Every structure is written in structure tokens, then in C-alpha cells.
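Containing compact mmCIF, C-alpha atoms and all ligand atoms: structure-v9.txt.
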```txt
# COMPACT_ATOMS: atom_id res chain seq x y z
CA MET A 1 107.75 98.22 73.23
CA ARG A 2 105.37 96.57 70.80
CA ILE A 3 106.00 92.87 71.24
CA LEU A 4 104.53 90.11 69.10
CA VAL A 5 104.44 86.71 70.81
CA LEU A 6 104.28 83.89 68.27
CA GLY A 7 102.94 80.65 69.74
CA GLY A 8 100.88 82.64 72.25
CA ASP A 9 98.64 79.72 73.21
CA GLY A 10 101.43 77.46 74.46
CA TYR A 11 102.77 76.50 77.88
CA LEU A 12 105.15 79.48 77.78
CA GLY A 13 103.59 81.77 75.17
CA TRP A 14 100.50 82.77 77.12
CA PRO A 15 102.27 83.44 80.45
CA THR A 16 104.88 85.47 78.54
CA ALA A 17 102.19 87.61 76.91
CA MET A 18 100.59 88.46 80.27
CA HIS A 19 103.97 89.12 81.85
CA LEU A 20 105.03 91.52 79.10
CA THR A 21 101.81 93.55 79.36
CA ALA A 22 102.18 93.68 83.15
CA ASN A 23 105.61 95.18 82.56
CA GLY A 24 104.38 97.98 80.37
CA HIS A 25 104.64 96.52 76.88
CA GLU A 26 102.01 96.45 74.15
CA VAL A 27 101.45 92.84 73.18
CA ALA A 28 99.84 90.80 70.41
CA VAL A 29 99.79 86.99 70.26
CA ALA A 30 99.46 84.63 67.31
CA ASP A 31 98.73 80.91 67.31
CA ASN A 32 96.95 78.23 65.26
CA TYR A 33 96.27 75.91 68.24
CA LEU A 34 98.59 73.28 66.75
CA ARG A 35 99.51 71.91 70.18
CA ARG A 36 95.84 71.46 71.12
CA GLN A 37 95.15 69.75 67.81
CA ILE A 38 98.08 67.32 68.13
CA CYS A 39 97.03 66.49 71.69
CA ARG A 40 93.56 65.61 70.46
CA GLU A 41 94.98 63.50 67.63
CA GLU A 42 97.31 61.65 69.98
CA ASN A 43 94.60 61.21 72.62
CA VAL A 44 96.41 63.11 75.37
CA ASP A 45 94.72 65.66 77.57
CA PRO A 46 96.25 68.49 79.56
CA LEU A 47 95.67 68.26 83.32
CA PHE A 48 92.92 70.88 83.13
CA GLU A 49 91.05 72.74 80.40
CA THR A 50 92.46 76.04 79.21
CA PRO A 51 90.17 78.62 77.59
CA ASN A 52 90.99 79.69 74.04
CA LEU A 53 93.12 82.78 73.44
CA ASN A 54 90.27 85.21 72.84
CA ARG A 55 88.61 84.20 76.12
CA ARG A 56 91.88 84.38 78.05
CA SER A 57 92.58 87.79 76.58
CA GLU A 58 89.13 89.00 77.77
CA LEU A 59 89.75 87.55 81.23
CA TRP A 60 93.17 89.15 81.50
CA LYS A 61 91.68 92.50 80.46
CA LYS A 62 89.06 92.13 83.22
CA PHE A 63 91.67 91.33 85.89
CA SER A 64 94.49 93.62 84.88
CA GLY A 65 93.09 96.24 82.51
CA PHE A 66 95.71 95.28 79.90
CA ASP A 67 94.93 94.37 76.31
CA ILE A 68 96.39 91.41 74.48
CA ARG A 69 95.56 91.44 70.79
CA VAL A 70 94.86 87.98 69.36
CA PHE A 71 95.59 86.69 65.84
CA ILE A 72 94.52 83.13 65.05
CA GLY A 73 96.18 81.50 62.05
CA ASP A 74 99.03 79.44 60.70
CA LEU A 75 102.42 81.15 60.68
CA THR A 76 103.75 78.78 58.04
CA GLN A 77 101.40 80.65 55.66
CA TRP A 78 102.87 83.88 54.36
CA ASP A 79 99.49 85.65 53.90
CA PHE A 80 98.78 85.32 57.62
CA VAL A 81 102.26 86.46 58.60
CA GLU A 82 102.00 89.47 56.28
CA GLU A 83 98.62 90.43 57.74
CA ILE A 84 99.91 90.40 61.34
CA PHE A 85 103.10 92.30 60.62
CA LYS A 86 101.14 94.96 58.70
CA LYS A 87 98.52 95.35 61.44
CA PHE A 88 100.93 95.20 64.39
CA THR A 89 104.38 96.39 63.39
CA PRO A 90 106.45 94.95 66.24
CA ASP A 91 109.65 96.28 67.81
CA CYS A 92 110.32 92.77 69.04
CA ILE A 93 109.13 89.30 68.05
CA VAL A 94 109.20 86.53 70.65
CA HIS A 95 109.21 83.32 68.62
CA TYR A 96 107.81 80.27 70.43
CA ALA A 97 105.71 79.10 67.47
CA GLU A 98 107.19 75.63 67.13
CA GLN A 99 106.23 72.04 67.69
CA PRO A 100 108.05 71.87 71.05
CA ALA A 101 108.17 68.19 71.97
CA ALA A 102 111.17 65.94 71.35
CA PRO A 103 109.19 62.68 71.88
CA TYR A 104 106.45 63.79 69.47
CA SER A 105 109.04 64.52 66.78
CA MET A 106 110.28 60.91 67.12
CA LEU A 107 106.82 59.31 66.98
CA ASN A 108 106.49 58.55 63.25
CA ARG A 109 107.18 60.00 59.81
CA ARG A 110 104.15 62.28 59.85
CA ALA A 111 105.08 63.79 63.21
CA ALA A 112 108.66 64.21 62.03
CA THR A 113 107.77 66.03 58.82
CA LEU A 114 105.19 68.18 60.60
CA THR A 115 107.89 69.22 63.07
CA LEU A 116 110.38 69.99 60.30
CA GLN A 117 107.92 71.89 58.15
CA ASN A 118 106.31 73.85 60.93
CA ASN A 119 109.44 74.84 62.80
CA LEU A 120 111.59 75.78 59.84
CA MET A 121 108.87 77.54 57.84
CA VAL A 122 107.77 79.69 60.75
CA THR A 123 111.34 80.73 61.46
CA ALA A 124 111.92 81.53 57.80
CA ASN A 125 108.66 83.52 57.58
CA VAL A 126 109.57 85.51 60.69
CA ILE A 127 112.93 86.43 59.15
CA PHE A 128 111.33 87.42 55.82
CA ALA A 129 108.64 89.46 57.60
CA VAL A 130 111.21 91.33 59.67
CA ARG A 131 113.20 92.12 56.55
CA GLU A 132 110.10 93.38 54.73
CA PHE A 133 108.07 95.16 57.40
CA CYS A 134 110.29 96.03 60.38
CA PRO A 135 114.02 95.59 59.60
CA ASP A 136 115.06 97.14 62.91
CA ALA A 137 112.93 94.74 65.00
CA HIS A 138 114.63 92.29 67.36
CA ILE A 139 113.85 88.57 67.09
CA VAL A 140 113.93 86.74 70.43
CA LYS A 141 113.96 83.10 69.42
CA LEU A 142 113.43 80.17 71.79
CA GLY A 143 116.14 77.64 71.09
CA THR A 144 117.07 74.78 73.38
CA MET A 145 120.01 73.56 75.44
CA GLY A 146 119.47 70.31 73.56
CA GLU A 147 121.13 71.91 70.53
CA TYR A 148 124.48 71.29 72.22
CA GLY A 149 123.71 67.72 73.28
CA THR A 150 125.90 66.41 76.10
CA PRO A 151 129.51 67.00 74.98
CA ASN A 152 132.40 65.94 77.17
CA ILE A 153 133.59 69.56 77.45
CA ASP A 154 132.16 72.68 79.11
CA ILE A 155 129.28 74.19 77.11
CA GLU A 156 129.92 77.83 76.28
CA GLU A 157 127.20 80.40 75.72
CA GLY A 158 126.67 79.89 72.01
CA TRP A 159 130.15 80.58 70.72
CA ILE A 160 133.55 78.92 71.04
CA ASP A 161 137.05 80.18 70.23
CA ILE A 162 138.96 77.66 68.15
CA ASN A 163 142.73 77.63 67.88
CA HIS A 164 143.61 75.47 64.89
CA LYS A 165 147.09 74.99 63.44
CA GLY A 166 148.28 78.30 64.79
CA LYS A 167 145.24 80.36 63.69
CA LYS A 168 142.23 81.47 65.75
CA ASP A 169 138.56 82.09 64.99
CA THR A 170 135.19 82.11 66.79
CA PHE A 171 132.41 79.73 65.73
CA LEU A 172 129.00 78.58 66.90
CA PHE A 173 129.55 76.00 69.65
CA PRO A 174 129.36 72.46 68.15
CA ARG A 175 125.80 71.18 68.09
CA GLN A 176 124.72 67.52 68.18
CA ALA A 177 121.06 67.11 69.00
CA GLY A 178 119.41 64.01 70.42
CA SER A 179 116.00 64.28 68.71
CA LEU A 180 114.54 65.59 65.47
CA TYR A 181 112.82 68.39 67.40
CA HIS A 182 116.17 69.49 68.82
CA THR A 183 117.68 69.23 65.33
CA THR A 184 115.08 71.68 63.96
CA LYS A 185 116.25 74.14 66.61
CA ILE A 186 119.83 73.78 65.32
CA MET A 187 118.52 74.43 61.81
CA ASP A 188 116.64 77.50 63.10
CA THR A 189 119.85 78.82 64.63
CA ASP A 190 121.67 78.29 61.33
CA LEU A 191 118.92 80.09 59.39
CA LEU A 192 119.00 83.01 61.80
CA TRP A 193 122.80 83.18 61.77
CA PHE A 194 122.81 83.14 57.97
CA TYR A 195 120.38 86.09 57.75
CA VAL A 196 122.16 87.96 60.52
CA ARG A 197 125.21 87.86 58.24
CA MET A 198 123.27 88.61 55.03
CA TRP A 199 120.79 91.21 56.20
CA ASN A 200 122.09 92.54 59.51
CA ILE A 201 118.97 91.49 61.40
CA ARG A 202 119.19 91.48 65.20
CA VAL A 203 118.60 88.18 66.99
CA THR A 204 118.76 86.72 70.48
CA ASP A 205 118.67 82.91 70.52
CA LEU A 206 117.75 81.57 73.96
CA MET A 207 119.06 78.06 74.59
CA GLN A 208 116.50 76.99 77.14
CA GLY A 209 116.53 73.88 79.33
CA PRO A 210 113.39 71.99 80.44
CA VAL A 211 110.94 74.33 82.21
CA TYR A 212 108.76 73.39 85.19
CA GLY A 213 105.92 74.98 87.12
CA LEU A 214 102.61 76.67 86.58
CA PHE A 215 102.45 79.79 88.66
CA THR A 216 103.59 83.25 87.62
CA ASN A 217 102.99 86.69 89.12
CA GLU A 218 100.20 87.25 86.62
CA ASN A 219 98.10 84.09 86.87
CA GLU A 220 97.37 83.84 90.58
CA SER A 221 93.97 85.54 90.25
CA ASP A 222 92.15 82.86 88.27
CA THR A 223 92.94 79.27 87.30
CA ARG A 224 91.62 80.01 83.81
CA LEU A 225 94.75 82.10 83.24
CA LEU A 226 97.08 79.16 83.96
CA PRO A 227 99.13 77.72 81.10
CA PHE A 228 98.35 74.65 79.03
CA PHE A 229 99.85 71.87 81.19
CA ASN A 230 100.79 68.45 79.82
CA TYR A 231 102.01 65.50 81.87
CA ASP A 232 101.97 62.79 79.18
CA GLU A 233 105.05 61.14 77.67
CA LEU A 234 104.79 63.17 74.47
CA PHE A 235 104.43 66.73 75.72
CA GLY A 236 105.09 66.80 79.46
CA THR A 237 108.53 67.87 80.71
CA VAL A 238 110.13 65.75 83.36
CA ILE A 239 109.58 67.74 86.58
CA ASN A 240 105.93 68.46 85.77
CA ARG A 241 105.46 64.80 84.89
CA PHE A 242 107.06 63.57 88.11
CA VAL A 243 104.85 65.83 90.23
CA VAL A 244 101.71 64.51 88.53
CA GLN A 245 102.97 60.92 88.83
CA ALA A 246 103.66 61.43 92.54
CA VAL A 247 100.09 62.63 93.09
CA ALA A 248 98.63 59.82 90.97
CA GLY A 249 100.52 57.16 92.95
CA PHE A 250 102.40 56.17 89.78
CA PRO A 251 106.06 55.33 90.52
CA LEU A 252 108.27 58.04 88.99
CA THR A 253 109.35 57.02 85.48
CA VAL A 254 113.14 57.33 85.54
CA PHE A 255 114.35 56.46 82.04
CA GLY A 256 117.41 54.19 82.05
CA LYS A 257 120.14 54.85 84.60
CA GLY A 258 118.78 58.33 85.44
CA GLY A 259 122.14 60.08 85.24
CA GLN A 260 120.84 62.27 82.38
CA THR A 261 121.62 65.82 83.48
CA ARG A 262 119.95 68.95 82.11
CA GLY A 263 119.72 72.64 82.98
CA TYR A 264 116.30 73.44 84.45
CA LEU A 265 114.37 76.63 85.13
CA ASN A 266 111.17 77.78 86.77
CA ILE A 267 108.49 79.11 84.40
CA LYS A 268 108.80 82.48 86.17
CA ASP A 269 112.41 82.66 85.05
CA THR A 270 111.49 81.91 81.44
CA LEU A 271 109.31 85.02 81.49
CA ASN A 272 112.01 87.13 83.10
CA CYS A 273 114.68 85.89 80.66
CA VAL A 274 112.51 86.64 77.65
CA ARG A 275 111.55 90.09 78.97
CA LEU A 276 115.15 90.97 79.85
CA SER A 277 116.27 89.90 76.38
CA ALA A 278 113.53 91.97 74.73
CA GLU A 279 114.28 95.04 76.83
CA ASN A 280 118.03 94.79 76.10
CA PRO A 281 118.08 94.03 72.37
CA ALA A 282 120.93 92.50 70.39
CA GLU A 283 122.76 94.84 68.03
CA GLN A 284 121.97 94.91 64.32
CA GLY A 285 124.03 92.20 62.66
CA GLU A 286 124.38 90.32 65.96
CA LEU A 287 123.33 86.78 66.83
CA ARG A 288 123.43 86.88 70.62
CA ILE A 289 123.08 83.56 72.43
CA PHE A 290 122.21 82.99 76.08
CA ASN A 291 121.99 79.66 77.87
CA GLN A 292 118.63 79.86 79.63
CA LEU A 293 118.78 77.70 82.75
CA THR A 294 119.32 78.35 86.43
CA GLU A 295 120.50 75.01 87.88
CA THR A 296 121.35 71.50 86.75
CA PHE A 297 119.96 68.18 88.01
CA SER A 298 120.14 64.55 86.99
CA VAL A 299 116.86 62.67 86.60
CA ASN A 300 117.74 60.62 89.71
CA GLU A 301 118.25 63.79 91.75
CA LEU A 302 114.85 65.09 90.60
CA ALA A 303 113.13 61.82 91.48
CA LEU A 304 114.65 61.82 94.98
CA ARG A 305 113.69 65.48 95.53
CA ILE A 306 110.08 64.81 94.58
CA GLN A 307 109.99 61.67 96.69
CA HIS A 308 111.29 63.69 99.65
CA VAL A 309 108.65 66.42 99.21
CA GLY A 310 106.00 63.72 98.87
CA ASP A 311 107.19 62.23 102.19
CA GLN A 312 106.84 65.61 103.89
CA MET A 313 103.28 65.87 102.58
CA GLY A 314 102.35 62.33 103.59
CA ILE A 315 102.36 61.05 100.02
CA LYS A 316 104.26 57.85 99.41
CA VAL A 317 106.20 58.25 96.17
CA GLY A 318 107.76 55.24 94.43
CA ILE A 319 110.56 55.41 91.88
CA GLN A 320 110.96 52.93 89.01
CA SER A 321 113.79 52.56 86.56
CA LEU A 322 112.34 51.90 83.12
CA GLU A 323 113.99 50.85 79.90
CA ASN A 324 114.90 54.18 78.28
CA PRO A 325 112.67 54.82 75.26
CA ARG A 326 115.13 57.52 74.16
CA LYS A 327 118.63 57.22 72.73
CA GLU A 328 120.70 59.42 75.02
CA ALA A 329 123.75 59.31 77.29
CA GLU A 330 122.70 58.17 80.77
CA ASN A 331 125.92 59.10 82.56
CA HIS A 332 127.81 62.07 81.21
CA TYR A 333 129.68 65.27 81.92
CA TYR A 334 127.50 68.41 81.91
CA ASN A 335 128.76 71.87 82.66
CA PRO A 336 126.98 74.65 80.76
CA LYS A 337 127.96 78.28 81.28
CA HIS A 338 124.93 80.49 82.03
CA THR A 339 126.02 83.96 83.05
CA GLY A 340 124.63 86.12 80.22
CA LEU A 341 121.09 86.41 81.55
CA LEU A 342 122.31 86.88 85.14
CA GLU A 343 124.36 89.82 83.85
CA LEU A 344 121.18 91.27 82.31
CA GLY A 345 119.58 91.16 85.78
CA LEU A 346 117.93 87.74 86.11
CA GLU A 347 117.21 86.82 89.74
CA PRO A 348 116.62 83.05 89.68
CA ASN A 349 113.67 81.30 91.31
CA TYR A 350 115.25 78.00 92.33
CA LEU A 351 113.65 74.57 92.68
CA THR A 352 112.99 74.54 96.41
CA ASP A 353 110.92 72.03 98.37
CA ASP A 354 108.31 74.78 98.78
CA VAL A 355 108.05 75.29 95.03
CA LEU A 356 107.55 71.55 94.51
CA ALA A 357 105.09 71.29 97.39
CA ARG A 358 102.99 74.14 96.03
CA LEU A 359 102.84 72.52 92.61
CA MET A 360 101.95 69.19 94.20
CA GLU A 361 99.18 70.75 96.29
CA PHE A 362 97.68 72.27 93.16
CA VAL A 363 97.88 69.00 91.21
CA ILE A 364 96.16 67.16 94.09
CA LYS A 365 93.00 69.17 93.33
CA TYR A 366 93.00 67.59 89.86
CA LYS A 367 93.91 64.07 90.98
CA SER A 368 90.69 62.57 89.63
CA LYS A 369 91.45 63.99 86.17
CA ILE A 370 94.85 62.28 85.86
CA ASN A 371 94.76 59.61 83.19
CA GLN A 372 97.41 57.02 84.08
CA ASP A 373 97.33 55.58 80.54
CA GLN A 374 99.02 58.67 79.16
CA ILE A 375 101.95 58.67 81.59
CA TYR A 376 104.15 56.01 79.97
CA ARG A 377 103.63 54.66 76.46
CA ASN A 378 107.26 53.68 75.80
CA ILE A 379 107.51 55.52 72.49
CA LYS A 380 110.85 54.20 71.19
CA TRP A 381 113.25 56.65 69.57
CA GLY A 382 115.80 54.25 68.17
N1 LIG B 1 113.00 61.77 81.48
C1 LIG B 1 112.85 60.67 82.31
N2 LIG B 1 111.58 60.27 82.60
C2 LIG B 1 110.48 60.89 82.11
C3 LIG B 1 110.64 62.00 81.27
C4 LIG B 1 111.92 62.40 80.96
O1 LIG B 1 113.82 60.08 82.78
O2 LIG B 1 109.36 60.46 82.42
C5 LIG B 1 114.35 62.24 81.15
C6 LIG B 1 114.61 62.25 79.67
O3 LIG B 1 115.04 60.98 79.22
C7 LIG B 1 115.65 63.36 79.55
C8 LIG B 1 115.30 64.32 80.68
O4 LIG B 1 114.45 63.59 81.56
O5 LIG B 1 116.94 62.85 79.77
C9 LIG B 1 114.59 65.58 80.24
O6 LIG B 1 113.45 65.21 79.52
P1 LIG B 1 112.25 66.24 79.23
O7 LIG B 1 111.14 65.44 78.59
O8 LIG B 1 111.93 67.02 80.43
O9 LIG B 1 112.95 67.25 78.21
P2 LIG B 1 113.18 67.19 76.63
O10 LIG B 1 112.49 66.08 75.96
O11 LIG B 1 114.66 67.28 76.41
O12 LIG B 1 112.51 68.52 76.11
C10 LIG B 1 112.11 69.59 76.96
C11 LIG B 1 111.09 70.45 76.23
C12 LIG B 1 111.76 71.09 75.02
C13 LIG B 1 113.01 71.83 75.46
C14 LIG B 1 113.96 70.88 76.19
C15 LIG B 1 115.18 71.57 76.76
O13 LIG B 1 109.98 69.68 75.84
O14 LIG B 1 110.84 71.98 74.39
O15 LIG B 1 113.67 72.35 74.32
O16 LIG B 1 113.25 70.33 77.32
S1 LIG B 1 116.58 70.50 76.80
O17 LIG B 1 116.21 69.24 77.44
O18 LIG B 1 117.65 71.16 77.54
O19 LIG B 1 116.98 70.25 75.43
```
Representation of the structure as C-alpha cells:
Amino acid sequence: MRILVLGGDGYLGWPTAMHLTANGHEVAVADNYLRRQICREENVDPLFETPNLNRRSELWKKFSGFDIRVFIGDLTQWDFVEEIFKKFTPDCIVHYAEQPAAPYSMLNRRAATLTLQNNLMVTANVIFAVREFCPDAHIVKLGTMGEYGTPNIDIEEGWIDINHKGKKDTFLFPRQAGSLYHTTKIMDTDLLWFYVRMWNIRVTDLMQGPVYGLFTNENESDTRLLPFFNYDELFGTVINRFVVQAVAGFPLTVFGKGGQTRGYLNIKDTLNCVRLSAENPAEQGELRIFNQLTETFSVNELALRIQHVGDQMGIKVGIQSLENPRKEAENHYYNPKHTGLLELGLEPNYLTDDVLARLMEFVIKYKSKINQDQIYRNIKWG
């Protein structure tokens, strides 16, 4: 298939692009380096430098023989979107091109409006481009488990049957996000669902939990092929942050009571989920939703796991309970269904001690680069 990966420079976009080419697909990536720019503006650095997309594409060609075509530009601008879709008519569009950080979206008004404008405009432009240039193409959109929030009932896979006053119907599962970023993902889902009904486009919306890890089958050959890896409070996700904190000797930053439970997955499984979705497209006129996670943990459970692995490696890991900068439930019910991707063939890579130890061993090599000032800034959401 011809697959266009939007947001190809990001933590997940670049590994996805390599993975898809390694599995026989023709791939192009597009990005405007927004994440890199925001990191510079907010004075946060990734753990290690990552070459730009053109250089990584050359490197990947050298190692694997596969091409990844690179388009640099802003997908909120229609002229750029039109150019890409004309030059590379995709069968499938993998849409990661969003400001992906909940804490950043809660930082200030500018960050909030950037998140709104970027995320919603890119989604709208993708829909309009599909309609105009490739109406049969399948949009694989990265949503988030955070669209559902933490309801006191089981979370279904996207849809719920409602029996009301003797009549039945099926609706999108109720959504109640905990950050502006997560709210833009709800709005994306609504936009996609609207145009599925109006124009019969085909869409898979992947409700993904927090991702962890660095290594994939495609990036073992050279560290320059590794993804952009943040560990700061704005952009780092919790497991990656805790591993870096453990190595830095910074007590793990458990926010509030630490009972916050989420559905996690290894970066390898993100790539498999996206590929399986692309290779098994939704029908025309279908909004298909999968919950993309493989196991659930509370923050306390994660902290104890990382402390335990640290112990085994001779690293003393402290745990601190900090005032929660976020507004979120700290003890709650959490039971999301996640069978759709398993039925498509996903074989999960679980969070084992070995997986954590390998990540920790890698981070140790970069210990001197860890900037402790960026670990906890206490950016208040309320
Ligand atoms: N947490 C801590 N200490 C920390 C960092 C986080 O206790 O130092 C807690 C948070 O309060 C939260 C949980 O860990 O309860 C997860 O936080 P996170 O930063 O790993 O995840 P989140 O901000 O929700 O966002 C991440 C990705 C986002 C994705 C989302 C999936 O950045 O792109 O959509 O995970 S989900 O969380 O299921 O909505």
C-alpha cells in the first residue's frame, strides 16, 4: 500500500514509517517540526539529538534499502496538503500530526490555542484532501484513551448500546476528557464521524494509551534512527519519565495519590496496531474504533516496578508523592475493553522487568545529558 504518515518526525511517526516500509509498504512522511520548535521555545531538550527527517531517511535507505519520501511543511496550510496528496496519492493516511502533550495544552492561552488550531485544522484538511484526491483512502487516526476519561463503568471499544425508555440505539461511548489536548481528540473524532456520515469516508480511530519505550525491530542498527525521546514534564510520558528519573537519582514523581490508572503499550505494539489497522481497512462509511493498549497499571504500580528493576541493577530508586499539578481522579474504576486489535492479530509486547532494564541500561549511557530542571516544573492545570 501507499501510506502517508503525517507527523513523521514525532516519537511514534518516524518508527511507524520505518516499520511500514520494512513490511512492504511504500511510505511518505510529512512534518513541520512543530514538536522540536515547541521544545526549543519551552527550553526542554530530548534525551539525545535526533537527525532531521531527510537525514534519517538517507540513513534508513543505507541500512535497509527502503525509501521514505519526505515532505516538510505545515499541514494546517491547504496548499501544502494539496501538494502532498497530488504528488503521493495515498491508499492510507496515518494521522499523527497533532500537538500530542496534555500538559503543554494546559500551559497558557497561547499553547491552548495552538493545540486547538493545529489539531483540528490538520484533521479537517486530511478529511478534505481525502474527499478531493483519494476518496477511497483509509484514514488511520491516532486518538487517545483519554477521550473517555475515567468513567465509573466499563469502557467499550468506541461505541455503546443505549436502551432508553424502551427504545435502543448505538452511540459513540460518552467522552469526558481531562485536558484540552484530550478534548481536541474528542473534537477530531466528532469531525471524522460527521464526515463518515456525510461523505462515506473510511476511518479507523485508535484510542491509544500512554506509550513507552524506544526500541523497535527497525532501529537497532543505529542510535540515529531512534525516536525523539522526551522526559520532561511537558512532553514525556510517565514510564519513560520514571526510567530517566531512576537513572538520574531523582525520586520518581508520583502525582497525588498515584491511583491514576491508564492503559499502556510498548512502542513496538503501537507500530503493529497501526500496521494491522492499515492492512485491514475500515469499510466505506465506517468509523471503526479500537482501544489501543495492552495492559493497565496505576502510577503507584509503575513506580514500584521501576524501583524493583532499579534494585536488581544496583540503582537505588526513591519514590516521592507530589502535589498533583493535574486535575484528575486519583482513585477510580478503570476497565477498558481492548479486544479489537487482538482479533486483527496483535501479539502484545508486555512491560516485563527485562524491557524496563533494557531501557534503563540505554538511558544510563546518557546520564550526563539528563537535565534535572526539566523533570518537575509543577505546571498547574486547575
Ligand atoms: N503522572 C505522574 N507523574 C509523572 C507523570 C505522569 O503521576 O511524572 C501520571 C499522570 O498524572 C497521569 C498518568 O501518569 O495520571 C499518565 O500520564 P502521562 O503523562 O504518561 O500521559 P498523558 O498526559 O495522559 O498523555 C499521554 C500522551 C498522549 C496520549 C495519552 C494517552 O502524551 O499523547 O494521548 O498519554 S491517555 O493517557 O490514555 O489519554
Return as a compact mmCIF listing (two decimals) with C-alpha atoms, in the frame of the given file every polymer residue, whether protein, DNA or RNA, with at least one atom no more than 7 Å from an atom of ligand LIG 1 (chain B); count all atoms listed in the file.
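Saved the output as selection-v9.txt:
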```txt
# COMPACT_ATOMS: atom_id res chain seq x y z
CA PRO A 100 108.05 71.87 71.05
CA ALA A 101 108.17 68.19 71.97
CA ALA A 102 111.17 65.94 71.35
CA PRO A 103 109.19 62.68 71.88
CA GLY A 143 116.14 77.64 71.09
CA THR A 144 117.07 74.78 73.38
CA MET A 145 120.01 73.56 75.44
CA GLY A 146 119.47 70.31 73.56
CA GLU A 147 121.13 71.91 70.53
CA HIS A 182 116.17 69.49 68.82
CA GLN A 208 116.50 76.99 77.14
CA GLY A 209 116.53 73.88 79.33
CA PRO A 210 113.39 71.99 80.44
CA VAL A 211 110.94 74.33 82.21
CA GLU A 233 105.05 61.14 77.67
CA PHE A 235 104.43 66.73 75.72
CA GLY A 236 105.09 66.80 79.46
CA THR A 237 108.53 67.87 80.71
CA VAL A 238 110.13 65.75 83.36
CA ILE A 239 109.58 67.74 86.58
CA ARG A 241 105.46 64.80 84.89
CA PHE A 242 107.06 63.57 88.11
CA THR A 253 109.35 57.02 85.48
CA VAL A 254 113.14 57.33 85.54
CA PHE A 255 114.35 56.46 82.04
CA GLY A 256 117.41 54.19 82.05
CA GLY A 258 118.78 58.33 85.44
CA GLN A 260 120.84 62.27 82.38
CA THR A 261 121.62 65.82 83.48
CA ARG A 262 119.95 68.95 82.11
CA GLY A 263 119.72 72.64 82.98
CA VAL A 299 116.86 62.67 86.60
CA ASN A 324 114.90 54.18 78.28
CA ARG A 326 115.13 57.52 74.16
CA GLU A 328 120.70 59.42 75.02
```
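Among the candidates A:Leu6, A:Ala248, A:Val203, A:Leu322, the residue lying nearest to Asp373 (chain A) is A:Ala248 (atoms considered: all atoms listed in the file).
You will find CA of Met198 (chain A) at 14.2 Å from CA of Asp136 (chain A).
In this comparison, which uses only C-alpha atoms, the residue of A:Leu47, A:Leu4, A:Val122, A:Met187 approaching Val70 (chain A) most closely is A:Leu4.
CA of Leu226 (chain A) is found 11.0 Å from CA of Trp60 (chain A).
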Quick one: residues within 12 Å of Lys367 (chain A), all atoms listed in the file counted, chain neighbours fewer than 5 positions away excluded, as a ChimeraX atom specification?
/A:47-48,243-250,360-362,372
Pick from A:Lys62, A:Asn118, A:Phe228, A:Phe194 nearest to Asp9 (chain A), counting all atoms listed in the file:
A:Phe228
Each residue of region 186-251 of chain A with at least one atom at most 6 Å from region 274-290 of chain A should appear once, together with its nearest atom pair and the corresponding distance in Å (one decimal); atoms considered: all atoms listed in the file; ordering: chain, then increasing residue number; output as a tab-separated table.
```
residue	atom	partner	partner_atom	distance
A:Val196	CA	A:Gly285	CA	5.1
A:Asn200	CA	A:Gly285	CA	3.7
A:Ile201	CA	A:Gly285	CA	5.3
A:Arg202	CA	A:Gln284	CA	4.5
A:Val203	CA	A:Leu287	CA	4.9
A:Thr204	CA	A:Arg288	CA	4.7
A:Asp205	CA	A:Ile289	CA	4.8
A:Leu206	CA	A:Phe290	CA	5.1
```
Could you list, with a cut-off of 12 Å and counting only C-alpha atoms, the residues of region 98-198 of chain A near region 17-41 of chain A, each shown with its nearest atom pair and the distance in Å rounded to one decimal, rows sorted by chain and ascending number, as a Markdown table?
```
| residue | atom | partner | partner_atom | distance |
| --- | --- | --- | --- | --- |
| A:Glu98 | CA | A:Leu34 | CA | 8.9 |
| A:Gln99 | CA | A:Arg35 | CA | 7.2 |
| A:Pro100 | CA | A:Arg35 | CA | 8.6 |
| A:Ala101 | CA | A:Arg35 | CA | 9.6 |
| A:Tyr104 | CA | A:Ile38 | CA | 9.2 |
| A:Ser105 | CA | A:Ile38 | CA | 11.4 |
| A:Leu107 | CA | A:Ile38 | CA | 11.9 |
| A:Arg110 | CA | A:Ile38 | CA | 11.4 |
| A:Ala111 | CA | A:Ile38 | CA | 9.3 |
| A:Leu114 | CA | A:Leu34 | CA | 10.4 |
| A:Thr115 | CA | A:Leu34 | CA | 10.8 |
| A:Asn118 | CA | A:Leu34 | CA | 9.7 |
| A:Asn119 | CA | A:Leu34 | CA | 11.7 |
| A:Val122 | CA | A:Asp31 | CA | 11.2 |
```
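Closest to Arg109 (chain A) among A:Asn152, A:Thr339, A:Leu180, A:Ile306 is A:Leu180, based on only C-alpha atoms.
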